[in-house]
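Have a look at my_file17.txt; it's compact mmCIF, N, CA and C atoms:
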```
# COMPACT_ATOMS: atom_id res chain seq x y z
N MET A 1 26.94 2.92 -17.31
CA MET A 1 27.02 3.76 -16.14
C MET A 1 28.27 3.37 -15.34
N LYS A 2 28.99 4.36 -14.91
CA LYS A 2 30.19 4.13 -14.12
C LYS A 2 29.79 3.93 -12.66
N TYR A 3 30.66 3.28 -11.92
CA TYR A 3 30.38 3.06 -10.51
C TYR A 3 30.29 4.36 -9.72
N THR A 4 30.95 5.39 -10.19
CA THR A 4 30.91 6.66 -9.48
C THR A 4 29.61 7.41 -9.74
N GLU A 5 28.83 6.96 -10.72
CA GLU A 5 27.59 7.65 -11.07
C GLU A 5 26.35 6.93 -10.57
N ILE A 6 26.49 6.10 -9.58
CA ILE A 6 25.35 5.37 -9.04
C ILE A 6 24.42 6.36 -8.36
N GLU A 7 23.16 6.28 -8.75
CA GLU A 7 22.17 7.19 -8.17
C GLU A 7 21.51 6.53 -6.97
N MET A 8 21.26 7.32 -5.98
CA MET A 8 20.58 6.83 -4.80
C MET A 8 19.08 6.97 -4.99
N ILE A 9 18.35 6.00 -4.53
CA ILE A 9 16.90 6.05 -4.60
C ILE A 9 16.43 6.97 -3.46
N SER A 10 15.52 7.87 -3.77
CA SER A 10 15.06 8.80 -2.75
C SER A 10 14.25 8.06 -1.69
N PHE A 11 14.22 8.64 -0.51
CA PHE A 11 13.47 8.07 0.60
C PHE A 11 11.99 7.95 0.23
N GLU A 12 11.47 8.97 -0.43
CA GLU A 12 10.06 8.97 -0.85
C GLU A 12 9.79 7.81 -1.80
N HIS A 13 10.68 7.60 -2.75
CA HIS A 13 10.51 6.51 -3.71
C HIS A 13 10.56 5.16 -3.01
N ARG A 14 11.43 5.02 -2.04
CA ARG A 14 11.52 3.77 -1.28
C ARG A 14 10.23 3.49 -0.52
N ILE A 15 9.65 4.51 0.08
CA ILE A 15 8.39 4.33 0.81
C ILE A 15 7.27 3.94 -0.13
N LEU A 16 7.17 4.62 -1.27
CA LEU A 16 6.13 4.28 -2.25
C LEU A 16 6.30 2.86 -2.77
N SER A 17 7.52 2.46 -3.05
CA SER A 17 7.78 1.10 -3.53
C SER A 17 7.44 0.06 -2.47
N GLU A 18 7.84 0.32 -1.26
CA GLU A 18 7.56 -0.61 -0.17
C GLU A 18 6.06 -0.77 0.04
N TYR A 19 5.32 0.34 -0.04
CA TYR A 19 3.86 0.28 0.13
C TYR A 19 3.23 -0.53 -1.00
N ARG A 20 3.71 -0.32 -2.23
CA ARG A 20 3.20 -1.07 -3.38
C ARG A 20 3.42 -2.58 -3.19
N ILE A 21 4.58 -2.95 -2.66
CA ILE A 21 4.89 -4.36 -2.41
C ILE A 21 3.99 -4.93 -1.33
N LYS A 22 3.77 -4.17 -0.26
CA LYS A 22 2.91 -4.64 0.81
C LYS A 22 1.48 -4.87 0.32
N ILE A 23 0.97 -3.96 -0.50
CA ILE A 23 -0.38 -4.10 -1.06
C ILE A 23 -0.45 -5.34 -1.96
N ALA A 24 0.57 -5.56 -2.75
CA ALA A 24 0.59 -6.72 -3.64
C ALA A 24 0.58 -8.02 -2.83
N LYS A 25 1.31 -8.07 -1.73
CA LYS A 25 1.31 -9.25 -0.88
C LYS A 25 -0.08 -9.53 -0.32
N ILE A 26 -0.75 -8.47 0.13
CA ILE A 26 -2.10 -8.63 0.67
C ILE A 26 -3.05 -9.15 -0.41
N GLU A 27 -3.00 -8.56 -1.59
CA GLU A 27 -3.88 -8.97 -2.68
C GLU A 27 -3.62 -10.42 -3.10
N THR A 28 -2.36 -10.79 -3.19
CA THR A 28 -2.01 -12.16 -3.59
C THR A 28 -2.51 -13.18 -2.56
N LEU A 29 -2.28 -12.91 -1.29
CA LEU A 29 -2.71 -13.83 -0.25
C LEU A 29 -4.23 -13.90 -0.18
N ALA A 30 -4.90 -12.76 -0.27
CA ALA A 30 -6.36 -12.76 -0.23
C ALA A 30 -6.94 -13.55 -1.40
N LYS A 31 -6.36 -13.39 -2.57
CA LYS A 31 -6.83 -14.13 -3.74
C LYS A 31 -6.63 -15.63 -3.57
N SER A 32 -5.49 -16.03 -3.02
CA SER A 32 -5.24 -17.46 -2.84
C SER A 32 -6.16 -18.05 -1.77
N ILE A 33 -6.51 -17.28 -0.76
CA ILE A 33 -7.45 -17.76 0.26
C ILE A 33 -8.83 -17.96 -0.36
N MET A 34 -9.24 -17.01 -1.19
CA MET A 34 -10.58 -17.08 -1.80
C MET A 34 -10.69 -18.26 -2.78
N THR A 35 -9.60 -18.61 -3.45
CA THR A 35 -9.65 -19.68 -4.44
C THR A 35 -9.14 -21.01 -3.90
N HIS A 36 -8.90 -21.08 -2.61
CA HIS A 36 -8.37 -22.32 -2.02
C HIS A 36 -9.40 -23.43 -2.12
N ARG A 37 -8.92 -24.65 -2.36
CA ARG A 37 -9.83 -25.78 -2.57
C ARG A 37 -10.56 -26.18 -1.29
N ASP A 38 -9.99 -25.86 -0.13
CA ASP A 38 -10.64 -26.20 1.14
C ASP A 38 -10.68 -24.95 2.02
N PRO A 39 -11.64 -24.04 1.76
CA PRO A 39 -11.65 -22.76 2.46
C PRO A 39 -11.88 -22.86 3.97
N LYS A 40 -12.41 -23.98 4.45
CA LYS A 40 -12.65 -24.14 5.89
C LYS A 40 -11.52 -24.90 6.57
N GLY A 41 -10.53 -25.32 5.79
CA GLY A 41 -9.44 -26.13 6.32
C GLY A 41 -8.45 -25.33 7.15
N GLU A 42 -7.57 -26.05 7.80
CA GLU A 42 -6.56 -25.44 8.67
C GLU A 42 -5.62 -24.52 7.90
N GLU A 43 -5.24 -24.93 6.70
CA GLU A 43 -4.32 -24.13 5.89
C GLU A 43 -4.92 -22.76 5.56
N ALA A 44 -6.19 -22.74 5.20
CA ALA A 44 -6.85 -21.48 4.87
C ALA A 44 -7.02 -20.61 6.12
N LYS A 45 -7.28 -21.23 7.25
CA LYS A 45 -7.41 -20.47 8.50
C LYS A 45 -6.08 -19.83 8.89
N ASP A 46 -5.00 -20.60 8.75
CA ASP A 46 -3.68 -20.06 9.05
C ASP A 46 -3.33 -18.91 8.09
N ALA A 47 -3.69 -19.08 6.82
CA ALA A 47 -3.43 -18.03 5.84
C ALA A 47 -4.23 -16.77 6.18
N SER A 48 -5.46 -16.95 6.67
CA SER A 48 -6.28 -15.80 7.05
C SER A 48 -5.67 -15.06 8.24
N GLU A 49 -5.12 -15.83 9.18
CA GLU A 49 -4.46 -15.20 10.32
C GLU A 49 -3.23 -14.41 9.86
N PHE A 50 -2.49 -14.98 8.92
CA PHE A 50 -1.32 -14.28 8.39
C PHE A 50 -1.74 -13.05 7.61
N LEU A 51 -2.87 -13.13 6.91
CA LEU A 51 -3.40 -11.96 6.19
C LEU A 51 -3.69 -10.84 7.18
N ASP A 52 -4.26 -11.18 8.33
CA ASP A 52 -4.50 -10.17 9.36
C ASP A 52 -3.20 -9.51 9.82
N VAL A 53 -2.14 -10.31 9.96
CA VAL A 53 -0.84 -9.77 10.35
C VAL A 53 -0.33 -8.82 9.28
N LEU A 54 -0.44 -9.22 8.00
CA LEU A 54 0.01 -8.35 6.90
C LEU A 54 -0.78 -7.04 6.87
N ILE A 55 -2.08 -7.14 7.08
CA ILE A 55 -2.93 -5.93 7.06
C ILE A 55 -2.52 -5.00 8.21
N ASN A 56 -2.31 -5.56 9.39
CA ASN A 56 -1.90 -4.73 10.53
C ASN A 56 -0.55 -4.07 10.27
N GLU A 57 0.38 -4.82 9.69
CA GLU A 57 1.70 -4.28 9.36
C GLU A 57 1.60 -3.16 8.33
N THR A 58 0.76 -3.36 7.33
CA THR A 58 0.58 -2.34 6.29
C THR A 58 -0.10 -1.10 6.86
N ASP A 59 -1.07 -1.30 7.74
CA ASP A 59 -1.73 -0.16 8.40
C ASP A 59 -0.73 0.65 9.21
N GLN A 60 0.13 -0.04 9.94
CA GLN A 60 1.13 0.65 10.75
C GLN A 60 2.11 1.40 9.84
N PHE A 61 2.51 0.77 8.73
CA PHE A 61 3.41 1.42 7.77
C PHE A 61 2.75 2.67 7.20
N TYR A 62 1.46 2.57 6.84
CA TYR A 62 0.76 3.73 6.29
C TYR A 62 0.66 4.83 7.34
N ASP A 63 0.34 4.45 8.56
CA ASP A 63 0.21 5.43 9.63
C ASP A 63 1.54 6.16 9.87
N ASN A 64 2.64 5.43 9.84
CA ASN A 64 3.96 6.03 10.06
C ASN A 64 4.40 6.93 8.90
N ASN A 65 3.97 6.61 7.68
CA ASN A 65 4.42 7.34 6.48
C ASN A 65 3.25 7.98 5.74
N SER A 66 2.20 8.30 6.45
CA SER A 66 0.98 8.80 5.81
C SER A 66 1.19 10.12 5.07
N GLY A 67 2.07 10.96 5.56
CA GLY A 67 2.31 12.23 4.89
C GLY A 67 2.83 12.03 3.48
N ILE A 68 3.84 11.20 3.33
CA ILE A 68 4.43 10.95 2.01
C ILE A 68 3.45 10.20 1.13
N LEU A 69 2.80 9.17 1.68
CA LEU A 69 1.90 8.35 0.87
C LEU A 69 0.68 9.14 0.40
N SER A 70 0.05 9.88 1.30
CA SER A 70 -1.16 10.61 0.90
C SER A 70 -0.83 11.75 -0.06
N LYS A 71 0.35 12.37 0.09
CA LYS A 71 0.73 13.44 -0.83
C LYS A 71 1.08 12.91 -2.21
N ASN A 72 1.22 11.59 -2.33
CA ASN A 72 1.47 10.95 -3.62
C ASN A 72 0.24 10.16 -4.10
N GLY A 73 -0.92 10.50 -3.57
CA GLY A 73 -2.17 9.92 -4.06
C GLY A 73 -2.50 8.54 -3.52
N LYS A 74 -1.84 8.10 -2.47
CA LYS A 74 -2.07 6.76 -1.92
C LYS A 74 -2.99 6.85 -0.71
N ARG A 75 -4.06 6.10 -0.78
CA ARG A 75 -4.97 5.97 0.36
C ARG A 75 -4.65 4.66 1.08
N PRO A 76 -5.16 4.49 2.31
CA PRO A 76 -5.00 3.18 2.95
C PRO A 76 -5.67 2.10 2.09
N HIS A 77 -5.17 0.89 2.15
CA HIS A 77 -5.69 -0.22 1.38
C HIS A 77 -7.17 -0.45 1.71
N ALA A 78 -7.90 -1.03 0.78
CA ALA A 78 -9.34 -1.27 0.98
C ALA A 78 -9.61 -2.18 2.18
N ARG A 79 -8.70 -3.07 2.50
CA ARG A 79 -8.87 -3.96 3.65
C ARG A 79 -8.35 -3.32 4.95
N SER A 80 -7.88 -2.12 4.86
CA SER A 80 -7.30 -1.43 6.00
C SER A 80 -8.32 -1.22 7.11
N ARG A 81 -7.82 -1.20 8.32
CA ARG A 81 -8.68 -0.94 9.47
C ARG A 81 -8.44 0.46 10.04
N LEU A 82 -7.68 1.26 9.30
CA LEU A 82 -7.41 2.63 9.74
C LEU A 82 -8.61 3.52 9.46
N PRO A 83 -8.96 4.38 10.40
CA PRO A 83 -10.02 5.35 10.10
C PRO A 83 -9.47 6.44 9.17
N GLU A 84 -10.27 6.84 8.21
CA GLU A 84 -9.81 7.90 7.30
C GLU A 84 -9.70 9.21 8.05
N THR A 85 -8.71 10.01 7.66
CA THR A 85 -8.58 11.32 8.27
C THR A 85 -8.79 12.39 7.20
N LYS A 86 -9.18 13.53 7.66
CA LYS A 86 -9.43 14.65 6.75
C LYS A 86 -8.14 15.05 6.03
N GLU A 87 -7.03 15.05 6.75
CA GLU A 87 -5.74 15.43 6.16
C GLU A 87 -5.36 14.51 5.00
N TRP A 88 -5.52 13.18 5.19
CA TRP A 88 -5.17 12.24 4.13
C TRP A 88 -6.03 12.48 2.90
N ASN A 89 -7.33 12.63 3.12
CA ASN A 89 -8.23 12.84 1.99
C ASN A 89 -7.92 14.13 1.24
N GLU A 90 -7.61 15.19 1.97
CA GLU A 90 -7.25 16.46 1.33
C GLU A 90 -5.96 16.32 0.52
N ASN A 91 -4.97 15.63 1.09
CA ASN A 91 -3.71 15.43 0.37
C ASN A 91 -3.92 14.63 -0.91
N VAL A 92 -4.72 13.58 -0.84
CA VAL A 92 -4.96 12.73 -2.01
C VAL A 92 -5.71 13.51 -3.08
N GLU A 93 -6.75 14.25 -2.67
CA GLU A 93 -7.51 15.03 -3.65
C GLU A 93 -6.66 16.12 -4.30
N LYS A 94 -5.80 16.76 -3.50
CA LYS A 94 -4.91 17.77 -4.07
C LYS A 94 -3.95 17.14 -5.08
N PHE A 95 -3.45 15.94 -4.76
CA PHE A 95 -2.55 15.24 -5.69
C PHE A 95 -3.26 14.98 -7.01
N TYR A 96 -4.51 14.51 -6.96
CA TYR A 96 -5.23 14.20 -8.20
C TYR A 96 -5.68 15.45 -8.94
N GLU A 97 -5.87 16.57 -8.25
CA GLU A 97 -6.15 17.83 -8.94
C GLU A 97 -4.92 18.28 -9.73
N ASP A 98 -3.74 18.09 -9.12
CA ASP A 98 -2.49 18.47 -9.78
C ASP A 98 -2.08 17.47 -10.87
N ASN A 99 -2.51 16.21 -10.73
CA ASN A 99 -2.14 15.14 -11.66
C ASN A 99 -3.39 14.36 -12.10
N PRO A 100 -4.26 14.96 -12.91
CA PRO A 100 -5.53 14.30 -13.24
C PRO A 100 -5.36 12.98 -14.00
N ARG A 101 -4.30 12.82 -14.75
CA ARG A 101 -4.10 11.58 -15.51
C ARG A 101 -3.73 10.40 -14.62
N ARG A 102 -3.31 10.66 -13.42
CA ARG A 102 -2.87 9.59 -12.52
C ARG A 102 -4.01 9.08 -11.66
N ARG A 103 -5.19 9.67 -11.78
CA ARG A 103 -6.35 9.22 -11.00
C ARG A 103 -6.71 7.80 -11.40
N PRO A 104 -6.88 6.91 -10.41
CA PRO A 104 -7.22 5.52 -10.76
C PRO A 104 -8.63 5.42 -11.34
N ARG A 105 -8.81 4.43 -12.20
CA ARG A 105 -10.13 4.20 -12.78
C ARG A 105 -11.03 3.56 -11.76
N LYS A 106 -12.31 3.83 -11.88
CA LYS A 106 -13.26 3.25 -10.92
C LYS A 106 -13.93 2.04 -11.48
```
Show me, as structure tokens, the structure contained in the file I just sent.
Amino acid sequence: MKYTEIEMISFEHRILSEYRIKIAKIETLAKSIMTHRDPKGEEAKDASEFLDVLINETDQFYDNNSGILSKNGKRPHARSRLPETKEWNENVEKFYEDNPRRRPRK
């Protein structure tokens, strides 16, 4: 590829990628807290507080970009504190009707 042919990543793709990274961070931290050798210790408590910060940040990110995320089949994370909205659910269901193979397994 030549330098003049560099493709720009779309804004939508950047949002989806960023959301995927945020979810992975939450899952990784939650898993490490659950498997920590001293779950009542100071380190685990601090990690739990940081997990709350990550969840709040991810919720805010989802709220700010909910149109793009929900239209691409993304719901708020399972640990999210956001109330579900009718619009998000309709967008997600429409996405899976149009793309049945992309529906996550239960």
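Proximity of A:Arg81, A:Arg75, A:Lys31, A:Lys45 to Asp59 in chain A, computed with all atoms listed in the file, is greatest for A:Arg81.
Between atom N of Ala44 in chain A and CA of Asn56 in chain A the interatomic distance comes to 19.3 Å.
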Secondary structure check, helix (DSSP H, G or I) residues of range 9-61 of chain A, as an NGL selection string: :A and (11-34 or 42-61)
What lies within 8 Å of Tyr19 in chain A using all atoms listed in the file, ignoring chain neighbours under 6 positions off, as a ChimeraX atom specification? /A:13,25,58,61-62
Determine the nearest neighbour of Asn99 in chain A from the options A:Ser17, A:Thr28, A:Asn72, A:Ser66, counting only C-alpha atoms. A:Asn72
Using only C-alpha atoms, which residue out of A:Gln60, A:Arg20, A:Arg14, A:Pro100 lies closest to Lys74 in chain A? A:Arg20
Around the point (1.3, -20.2, 7.9) (coordinates from the file), which residues reach within 12 Å if we count only C-alpha atoms? Answer as an mmCIF file with N, CA and C atoms, in the coordinates of the input.
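Produced file part_33.cif, reproduced below:
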```
data_model
loop_
_atom_site.group_PDB
_atom_site.id
_atom_site.type_symbol
_atom_site.label_atom_id
_atom_site.label_comp_id
_atom_site.auth_asym_id
_atom_site.auth_seq_id
_atom_site.Cartn_x
_atom_site.Cartn_y
_atom_site.Cartn_z
ATOM 1 N N LEU A 29 -2.280 -12.910 -1.290
ATOM 2 C CA LEU A 29 -2.710 -13.830 -0.250
ATOM 3 C C LEU A 29 -4.230 -13.900 -0.180
ATOM 4 N N ILE A 33 -6.510 -17.280 -0.760
ATOM 5 C CA ILE A 33 -7.450 -17.760 0.260
ATOM 6 C C ILE A 33 -8.830 -17.960 -0.360
ATOM 7 N N GLU A 42 -7.570 -26.050 7.800
ATOM 8 C CA GLU A 42 -6.560 -25.440 8.670
ATOM 9 C C GLU A 42 -5.620 -24.520 7.900
ATOM 10 N N GLU A 43 -5.240 -24.930 6.700
ATOM 11 C CA GLU A 43 -4.320 -24.130 5.890
ATOM 12 C C GLU A 43 -4.920 -22.760 5.560
ATOM 13 N N ALA A 44 -6.190 -22.740 5.200
ATOM 14 C CA ALA A 44 -6.850 -21.480 4.870
ATOM 15 C C ALA A 44 -7.020 -20.610 6.120
ATOM 16 N N LYS A 45 -7.280 -21.230 7.250
ATOM 17 C CA LYS A 45 -7.410 -20.470 8.500
ATOM 18 C C LYS A 45 -6.080 -19.830 8.890
ATOM 19 N N ASP A 46 -5.000 -20.600 8.750
ATOM 20 C CA ASP A 46 -3.680 -20.060 9.050
ATOM 21 C C ASP A 46 -3.330 -18.910 8.090
ATOM 22 N N ALA A 47 -3.690 -19.080 6.820
ATOM 23 C CA ALA A 47 -3.430 -18.030 5.840
ATOM 24 C C ALA A 47 -4.230 -16.770 6.180
ATOM 25 N N SER A 48 -5.460 -16.950 6.670
ATOM 26 C CA SER A 48 -6.280 -15.800 7.050
ATOM 27 C C SER A 48 -5.670 -15.060 8.240
ATOM 28 N N GLU A 49 -5.120 -15.830 9.180
ATOM 29 C CA GLU A 49 -4.460 -15.200 10.320
ATOM 30 C C GLU A 49 -3.230 -14.410 9.860
ATOM 31 N N PHE A 50 -2.490 -14.980 8.920
ATOM 32 C CA PHE A 50 -1.320 -14.280 8.390
ATOM 33 C C PHE A 50 -1.740 -13.050 7.610
ATOM 34 N N LEU A 51 -2.870 -13.130 6.910
ATOM 35 C CA LEU A 51 -3.400 -11.960 6.190
ATOM 36 C C LEU A 51 -3.690 -10.840 7.180
ATOM 37 N N ASP A 52 -4.260 -11.180 8.330
ATOM 38 C CA ASP A 52 -4.500 -10.170 9.360
ATOM 39 C C ASP A 52 -3.200 -9.510 9.820
ATOM 40 N N VAL A 53 -2.140 -10.310 9.960
ATOM 41 C CA VAL A 53 -0.840 -9.770 10.350
ATOM 42 C C VAL A 53 -0.330 -8.820 9.280
ATOM 43 N N LEU A 54 -0.440 -9.220 8.000
ATOM 44 C CA LEU A 54 0.010 -8.350 6.900
ATOM 45 C C LEU A 54 -0.780 -7.040 6.870
#
```
What does the distance from CA of Lys22 in chain A to CA of Arg37 in chain A come to in Å, to one decimal? 24.9 Å
